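Q: Before I ask anything, let me first share the structure, which is written out below as structure tokens.
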Amino acid sequence: MDIPTLESLNLLAVLPAIILAAYTGLLLVVDLFIPNENKQRTALLAILGLGATGVALGVQINQYSAIGDQMAFGGLVIVDGYALFLQGIFLLSAILGILMAMNYLPRRGIERGEYYSLILFTTVGSMFMALANDLMVVFVALELLSIPLYVLSAFIRDDPGSEEAGMKYFLLGAFSSAFFVYGVALIYGGTGTTSLDGVAAVLAGEALNLPLALVGMGLLLVGLGFKVAAFPFHMWTPDVYQGAPTAATGFMSVGAKVAGFAALIRVLVTAFPGAAQAWGLLVIAIAILTMILGNVTAISQSNAKRMLAYSSIAHAGYILVALSAAQFPELAQEASSAALFYMLTYTITNLGAFAVVMAIEKDDGSGVEIEDFAGLAKSRPAVALMMLIFMLSLTGLPVSAGMVGKFFVFGVAINAASQSVWLAIVAIVGVLTSVVSAFYYMRIVYMMYMRDGDEEAEYPAIKPALGTALAVTGIGTLVLGFLPTLLFDAAQRALIAGL
Amino acid sequence: MLQETTFLAPTSWYVILSATLFIMGMAGVLIRRNAILIFMSVELMLNSANLAFVAFARSFMDITGQVFVFFVITVAAAEVAVGLALIVAIFRTKQSIDIDELNTMEG
Amino acid sequence: MLIEQYLPIAILLAIAIVLSLIVVFISRIMGPFRPTAKKLSPYESGMTPMGPAVRRFPVKFYLVAVLFILFDVEVIFLLPYSILVQDLGVYGLITVSIFLTVLTIGFIYEWKKGALEWE
């Protein structure tokens with residue numbers, strides 16, 4: 001009987017994730033003893049835990065250049081730059097998500113302590129998604145990430161829209177998990193291992209059963225395609241995003257998507273470099289269709305949450321553009337860092353956009369039609385200015401994070417165009433659909449600045465928590481727009497030894 | 001660890017059976033309109049994967065596949081808990097769990 | 001290969017399936033079928049049906065059942081451990097303790113929430 005040694009477990013390497021996991025369990029119990037009218041304390045405690053995790057992560061990032069990549073749990077988990085960078089994104093989005101919810105939940109009368117615990121659970125799941133080096137870990141992390149999100153989307157009890165959102169998300173999420181599991185089963189059957197490195201090694205040599213492993217890879221792509229809302233697995237997105245409480249929508253539009261991509265990129269690049277041509281073509285096709293569908297359908301939406309849902313589908317397409325360039329080994333690193341940077345800009349900008357929606361949403365959940373933005377520039381100039389920045393960034397116009405993100409993503413695709421003409425096509429489609437996206441993003445800007453709204457319209461007060469979230473996302477979007485090279489270097493450095 | 005057994009059917013039979021079950025489950029999800037039945041079809045898909053895992057684990061004389069099955073079973077139980085709670089909640093408000101009636105949002 | 005030994009079971013299974021199909025459908029095929037609203041309504045001892053046929057079900061049962069499933073299934077991790085408890089030694093003990101702590105947190109949670117109280 002081999003008993004793992006402390007050395008092979010290497011718990012110190014996954015300390016941030018362990019801290020957060022333990023803290024989450026503790027918070028669930030502590031919350032039981034916090035009276036119902038004081039649930040803001042639970043939120044603050046949750047932020048405290050995320051902060052402590054952030055400190056541990058910061059120490060780790062600081063030491064990373066000296067120590068380099070580490071394995072933990074006997075190779076089930078890998079701590080490399082990729083994982084560290086993504087963990088940072090997850091912590092940031094969780095903190096922002098809680099800040100927004102602190103203001104939003106009491107207004108809608110649905111503040112229960114579980115909301116904050118569930119966000120922490122999801123974050124632990126996402127962190128292990130980034131750390132995973134074995135399909136088993138990916139699977140468990142994926143479920144730890146998804147199951148709390150089903151609950152979060154159905155969080156408004158007795159509200160048919162929210163319940164419907166939860167139900168749809170749950171049924172399709174479970175359906176996609178089944179694809180994922182069956183895919184892993186076939187990969188295991190084809191290669192005899194579930195370790196990502198192991199699969200790559202077997203595929204490089206003599207695979208036991210190559211077709212089986214490739215079909216498994218396809219099913220894996222389907223399963224993760226659902227999670228990131230890529231065409232043709234996107235149909236749950238609009239209904240779920242519209243029906244779920246806006247705070248949960250904002251959080252899941254970034255958390256779940258980025259985590260899905262974390263696993264998708266890791267699995268394809270690490271485990272299947274041998275089948276790069278096969279998945280490369282698939283990813284290109286999905287990317288093109290996702291960008292076209294998301295952007296074109298978003299134009300005709302009248303509900304802001306639904307519009308942002310289609311916009312998030314479109315952004316999944318842009319990230320897939322970067323992934324499609326990763327099929328060439330020499331570009332894998334550049335492509336992954338472009339995707340990482342894009343995910344960071346998307347996280348900050350999209351959370352910001354949802355924060356603005358929350359700032360104008362009425363207490364009964366109405367008031368999120370695009371018409372409701374009319375006259376915002378007069379009645380709420382600061383909020384309107386924030387929304388302007390976010391819309392510019394989502395479109396990808398200059399001096400915003402979104403432009404820099406798109407620049408890197410399309411840049412890497414064009415770099416790869418010499419290898420395959422398809423990458424040039426995917427980059428061109430990306431640029432064209434970005435132009436299309438200006439129609440619907442700028443419609444909100446037009447509403448805010450050019451149209452007169454209802455003078456009587458009363459907006460809910462912005463409490464400090466939401467204000468902080470708005471400020472952080474707004475400033476973050478601008479800073480990422482002005483100082484792109486700084487952070488892109490960080491993303492790139494994150495990958496030097498990794499992947 | 002695992003012991004070779006001689007009197008069982010070849011692995012391919014199990015894989016074919018599991019693929020059949022998986023496709024039956026998938027068809028169930030796509031055809032059925034009752035939330036409980038859809039959910040049961042999803043469970044069938046998960047269990048078909050379990051069958052494949054166990055069959056491969058036996059043919060490789062490797063424990064990984066069996067361990068994976070443990071995780072799939074527990075995760076499925078967690079999904080059952082959340083899923084049934086959602087279904088009960090929906091039934092209380094709508095008096096129906098037909099997913100075609102989940103259409104309050106259009107666009 | 002002793003696959004032949006399964007043959008009787010397979011035959012029995014086939015007979016069972018065919019027979020049950022026949023029993024279910026024979027009256028439908030052979031007998032007359034002239035439905036009216038009265039005939040299709042649920043049979044309540046000859047009385048006029050009262051209220052919907054689908055009764056409200058007590059949710060208490062459901063809650064207990066779900067909680068049971070959760071704790072029941074987690075036992076599959078303890079079963080292999082109980083067999084190898086001596087070989088795994090301290091390492092196994094610590095691992096299982098962590099696992100049980102997580103379960104206990106869930107238990108405390110449902111207890112405090114009042115999910116275990118019947119009335």
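Residue numbering restarts at 1 for every chain of the structure tokens, chains are lettered A, B, ... in their displayed order, and ligands are numbered from 1 as they appear.
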Near chain C, meaning an atom within 7 Å, which residues of chain A appear when counting only C-alpha atoms? Write them as a list in words.
A: Met1, Ile3, Gly25, Val29 and Leu32 of chain A
Q: So that I can check the secondary structure, give me every residue of chain C assigned helix (DSSP H, G or I) by backbone DSSP, as a VMD selection string.
A: chain C and resid 3 to 30 37 to 40 59 to 83 85 to 112
Q: Between A:Leu289, A:Ala178, A:Val421, A:Ala353, which one has atoms that come closest to Glu43 in chain B, using only C-alpha atoms?
A: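 Distance minimum relative to Glu43 in chain B lands on A:Ala178.
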Q: Restrict the distance test to only C-alpha atoms, flag each residue of chain B within 7 Å of chain A, and return the flagged residues as JSON, numbers by chain.
A: {"B": [39, 42, 45, 46, 49, 52, 53, 56, 60, 68, 79, 83, 86, 90, 93, 102, 104, 105, 107]}
Q: The selected residues should be written to file as a compact mmCIF listing (two decimals), in the first residue's frame (atoms: N, CA and C atoms).
A:
```txt
# COMPACT_ATOMS: atom_id res chain seq x y z
N PHE B 39 -34.69 14.64 -15.58
CA PHE B 39 -33.64 14.47 -14.60
C PHE B 39 -33.22 13.00 -14.47
N VAL B 42 -30.95 12.18 -17.22
CA VAL B 42 -29.58 12.64 -16.96
C VAL B 42 -28.86 11.64 -16.05
N MET B 45 -27.63 8.83 -18.00
CA MET B 45 -26.40 9.16 -18.72
C MET B 45 -25.19 9.04 -17.80
N LEU B 46 -25.33 9.58 -16.57
CA LEU B 46 -24.21 9.52 -15.63
C LEU B 46 -23.87 8.07 -15.32
N ALA B 49 -21.94 6.29 -17.92
CA ALA B 49 -20.52 6.61 -17.81
C ALA B 49 -19.87 5.76 -16.72
N ALA B 52 -19.10 2.40 -18.06
CA ALA B 52 -17.91 2.43 -18.93
C ALA B 52 -16.65 2.50 -18.08
N PHE B 53 -16.67 3.34 -17.05
CA PHE B 53 -15.49 3.47 -16.18
C PHE B 53 -15.12 2.12 -15.57
N PHE B 56 -13.70 -0.33 -18.16
CA PHE B 56 -12.32 -0.01 -18.55
C PHE B 56 -11.37 -0.33 -17.40
N PHE B 60 -8.11 -2.68 -17.72
CA PHE B 60 -6.74 -2.18 -17.52
C PHE B 60 -6.14 -2.70 -16.23
N PHE B 68 -13.12 7.05 -9.85
CA PHE B 68 -13.91 8.07 -10.54
C PHE B 68 -15.41 7.82 -10.33
N GLU B 79 -26.43 16.59 -6.90
CA GLU B 79 -27.30 17.17 -7.92
C GLU B 79 -28.76 16.83 -7.65
N GLY B 83 -31.57 19.51 -7.38
CA GLY B 83 -32.56 19.42 -8.45
C GLY B 83 -33.95 19.17 -7.92
N LEU B 86 -35.40 22.23 -6.39
CA LEU B 86 -35.88 23.18 -7.40
C LEU B 86 -37.21 22.73 -7.98
N ILE B 90 -40.72 24.73 -7.89
CA ILE B 90 -41.47 25.09 -9.10
C ILE B 90 -42.89 24.53 -9.02
N THR B 93 -45.22 26.75 -6.99
CA THR B 93 -45.72 27.99 -7.58
C THR B 93 -46.57 27.73 -8.81
N LEU B 102 -42.44 26.44 -18.75
CA LEU B 102 -41.43 27.39 -18.25
C LEU B 102 -41.13 28.37 -19.37
N THR B 104 -41.91 32.05 -19.14
CA THR B 104 -42.29 33.42 -18.80
C THR B 104 -41.41 34.44 -19.50
N MET B 105 -40.26 33.99 -19.99
CA MET B 105 -39.36 34.94 -20.66
C MET B 105 -39.28 34.62 -22.14
N GLY B 107 -37.81 36.05 -26.11
CA GLY B 107 -36.91 37.02 -26.75
C GLY B 107 -36.14 36.42 -27.87
```
Q: Identify which of the residues B:Ile97, B:Asn50, B:Phe71, B:Asn103 lies closest to chain C, counting only C-alpha atoms when measuring atom-to-atom distances.
A: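 So, comparing all the options, the nearest one is B:Phe71.
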Q: State, in Å with one decimal place, the distance from CA of Ala314 in chain A to CA of Arg380 in chain A.
A: 28.8 Å
Q: Sorted by chain and rising residue number, list the residues of chain B at most 10 Å from chain C (counting only C-alpha atoms), each with its closest atom pair and distance in Å to one decimal, as a tab-separated table.
A:
```
residue	atom	partner	partner_atom	distance
B:Thr6	CA	C:Met1	CA	6.7
B:Phe7	CA	C:Met1	CA	4.9
B:Leu8	CA	C:Met1	CA	6.8
B:Ala9	CA	C:Ile3	CA	6.9
B:Pro10	CA	C:Met1	CA	9.4
B:Val67	CA	C:Phe77	CA	9.6
B:Phe70	CA	C:Ile76	CA	7.2
B:Phe71	CA	C:Phe77	CA	9.1
B:Ile73	CA	C:Val73	CA	7.5
B:Thr74	CA	C:Val73	CA	6.1
B:Val75	CA	C:Val73	CA	9.5
B:Ala76	CA	C:Val73	CA	9.5
B:Ala77	CA	C:Leu70	CA	6.0
B:Ala78	CA	C:Leu70	CA	6.7
B:Glu79	CA	C:Leu70	CA	9.8
B:Val80	CA	C:Val66	CA	7.7
B:Ala81	CA	C:Val66	CA	5.6
B:Val82	CA	C:Val66	CA	9.0
B:Leu84	CA	C:Val66	CA	8.0
B:Ala85	CA	C:Leu63	CA	8.3
B:Val88	CA	C:Val59	CA	8.1
B:Phe91	CA	C:Arg56	CA	9.8
B:Arg92	CA	C:Arg56	CA	9.1
B:Gln95	CA	C:Arg56	CA	9.3
```
Q: Generate a file of the selected residues that holds C-alpha atoms, formatted as an mmCIF file, in the first residue's frame.
A:
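Saved result, out.cif, follows:
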```cif
data_model
loop_
_atom_site.group_PDB
_atom_site.id
_atom_site.type_symbol
_atom_site.label_atom_id
_atom_site.label_comp_id
_atom_site.auth_asym_id
_atom_site.auth_seq_id
_atom_site.Cartn_x
_atom_site.Cartn_y
_atom_site.Cartn_z
ATOM 1 C CA THR B 6 -12.205 -14.895 -16.625
ATOM 2 C CA PHE B 7 -15.904 -15.473 -16.764
ATOM 3 C CA LEU B 8 -17.071 -11.996 -17.685
ATOM 4 C CA ALA B 9 -18.016 -10.653 -21.094
ATOM 5 C CA PRO B 10 -15.377 -8.753 -23.104
ATOM 6 C CA VAL B 67 -12.388 5.807 -7.928
ATOM 7 C CA PHE B 70 -17.268 7.057 -6.482
ATOM 8 C CA PHE B 71 -17.004 10.714 -7.295
ATOM 9 C CA ILE B 73 -22.069 8.812 -7.576
ATOM 10 C CA THR B 74 -21.587 11.408 -4.848
ATOM 11 C CA VAL B 75 -21.805 14.320 -7.240
ATOM 12 C CA ALA B 76 -24.987 12.838 -8.694
ATOM 13 C CA ALA B 77 -26.444 12.666 -5.178
ATOM 14 C CA ALA B 78 -25.623 16.335 -4.627
ATOM 15 C CA GLU B 79 -27.296 17.173 -7.923
ATOM 16 C CA VAL B 80 -30.363 15.167 -6.904
ATOM 17 C CA ALA B 81 -30.696 17.177 -3.703
ATOM 18 C CA VAL B 82 -30.516 20.539 -5.453
ATOM 19 C CA LEU B 84 -35.418 17.949 -6.471
ATOM 20 C CA ALA B 85 -35.548 21.040 -4.286
ATOM 21 C CA VAL B 88 -40.562 21.016 -5.627
ATOM 22 C CA PHE B 91 -44.329 22.694 -8.453
ATOM 23 C CA ARG B 92 -45.500 24.800 -5.539
ATOM 24 C CA GLN B 95 -48.628 23.301 -9.937
#
```
Q: Can you tell me how far CA of Ser312 in chain A sits from CA of Ser253 in chain A, in Å to one decimal?
A: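 Distance reported for this atom pair: 6.9 Å.
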Q: Excluding Leu203 in chain A and residues on its chain fewer than 3 positions from it, collect all residues at most 9 Å away from it, counting only C-alpha atoms, and give them as number ranges by chain.
A: A: 191, 198-200, 206-208, 210, 213, 271-275
Q: For the selection just defined, write its residues with C-alpha atoms to a file, as a compact mmCIF listing (two decimals), in the first residue's frame.
A:
```
# COMPACT_ATOMS: atom_id res chain seq x y z
CA THR A 191 -5.60 6.07 -22.94
CA GLY A 198 -0.59 11.11 -18.90
CA VAL A 199 -3.16 11.48 -21.68
CA ALA A 200 -0.75 13.67 -23.64
CA GLU A 206 0.83 4.43 -29.09
CA ALA A 207 -2.68 5.16 -27.87
CA LEU A 208 -4.65 2.14 -26.78
CA LEU A 210 -7.23 6.61 -30.45
CA ALA A 213 -10.06 9.10 -26.93
CA ALA A 271 -3.72 16.84 -22.74
CA PHE A 272 -4.46 17.02 -26.45
CA PRO A 273 -1.57 18.69 -28.26
CA GLY A 274 -1.46 15.46 -30.26
CA ALA A 275 -4.95 16.03 -31.60
```
Q: Residues within 9 Å of Asp364 in chain A, please, as a PyMOL selection string. Count only C-alpha atoms; anything in the same chain fewer than 3 positions from it doesn't count.
A: chain A and resi 107-108+361+367
Q: Tell me, in Å to one decimal, how far CA of Leu44 in chain B is from CA of Tyr14 in chain B.
A: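 Interatomic distance, CA of Leu44 in chain B to CA of Tyr14 in chain B: 14.9 Å.
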Q: Enumerate the residues of range 53-302 of chain A with a DSSP assignment of strand (DSSP E or B), computed from the backbone, and present them as a list in words.
A: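 Assigned to strand (DSSP E or B), within range 53-302 of chain A: Gln70, Met71, Ala72, Val77, Ile78, Val79, Ala132, Asp134 and Ser195 of chain A.
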Q: For the residues in the current selection, export N, CA and C atoms as a short mmCIF file (atom, residue, chain, number, x, y, z; two decimals), in the first residue's frame.
A:
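Writing done, so here's result05.cif:
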```cif
data_model
loop_
_atom_site.label_atom_id
_atom_site.label_comp_id
_atom_site.auth_asym_id
_atom_site.auth_seq_id
_atom_site.Cartn_x
_atom_site.Cartn_y
_atom_site.Cartn_z
N GLN A 70 4.81 23.95 -9.29
CA GLN A 70 4.79 22.93 -8.24
C GLN A 70 3.63 21.99 -8.50
N MET A 71 3.81 20.76 -8.07
CA MET A 71 2.71 19.80 -8.11
C MET A 71 2.21 19.60 -6.68
N ALA A 72 0.94 19.25 -6.56
CA ALA A 72 0.42 18.91 -5.25
C ALA A 72 -0.53 17.73 -5.38
N VAL A 77 -2.85 18.04 -8.95
CA VAL A 77 -3.02 19.48 -8.99
C VAL A 77 -1.70 20.11 -9.38
N ILE A 78 -1.74 21.13 -10.23
CA ILE A 78 -0.51 21.81 -10.62
C ILE A 78 -0.64 23.29 -10.30
N VAL A 79 0.39 23.83 -9.69
CA VAL A 79 0.38 25.25 -9.36
C VAL A 79 1.38 25.94 -10.27
N ALA A 132 -6.42 22.27 -11.64
CA ALA A 132 -6.54 20.84 -11.95
C ALA A 132 -5.51 20.37 -12.96
N ASP A 134 -5.77 16.89 -13.57
CA ASP A 134 -6.31 15.55 -13.74
C ASP A 134 -7.80 15.71 -14.00
N SER A 195 -4.98 11.48 -16.00
CA SER A 195 -4.08 12.61 -15.77
C SER A 195 -3.83 13.32 -17.09
#
```
Q: Using only C-alpha atoms, which of A:Thr270, A:Thr473, A:Asn133, A:Ser8 sits nearest Thr347 in chain A?
A: A:Thr473
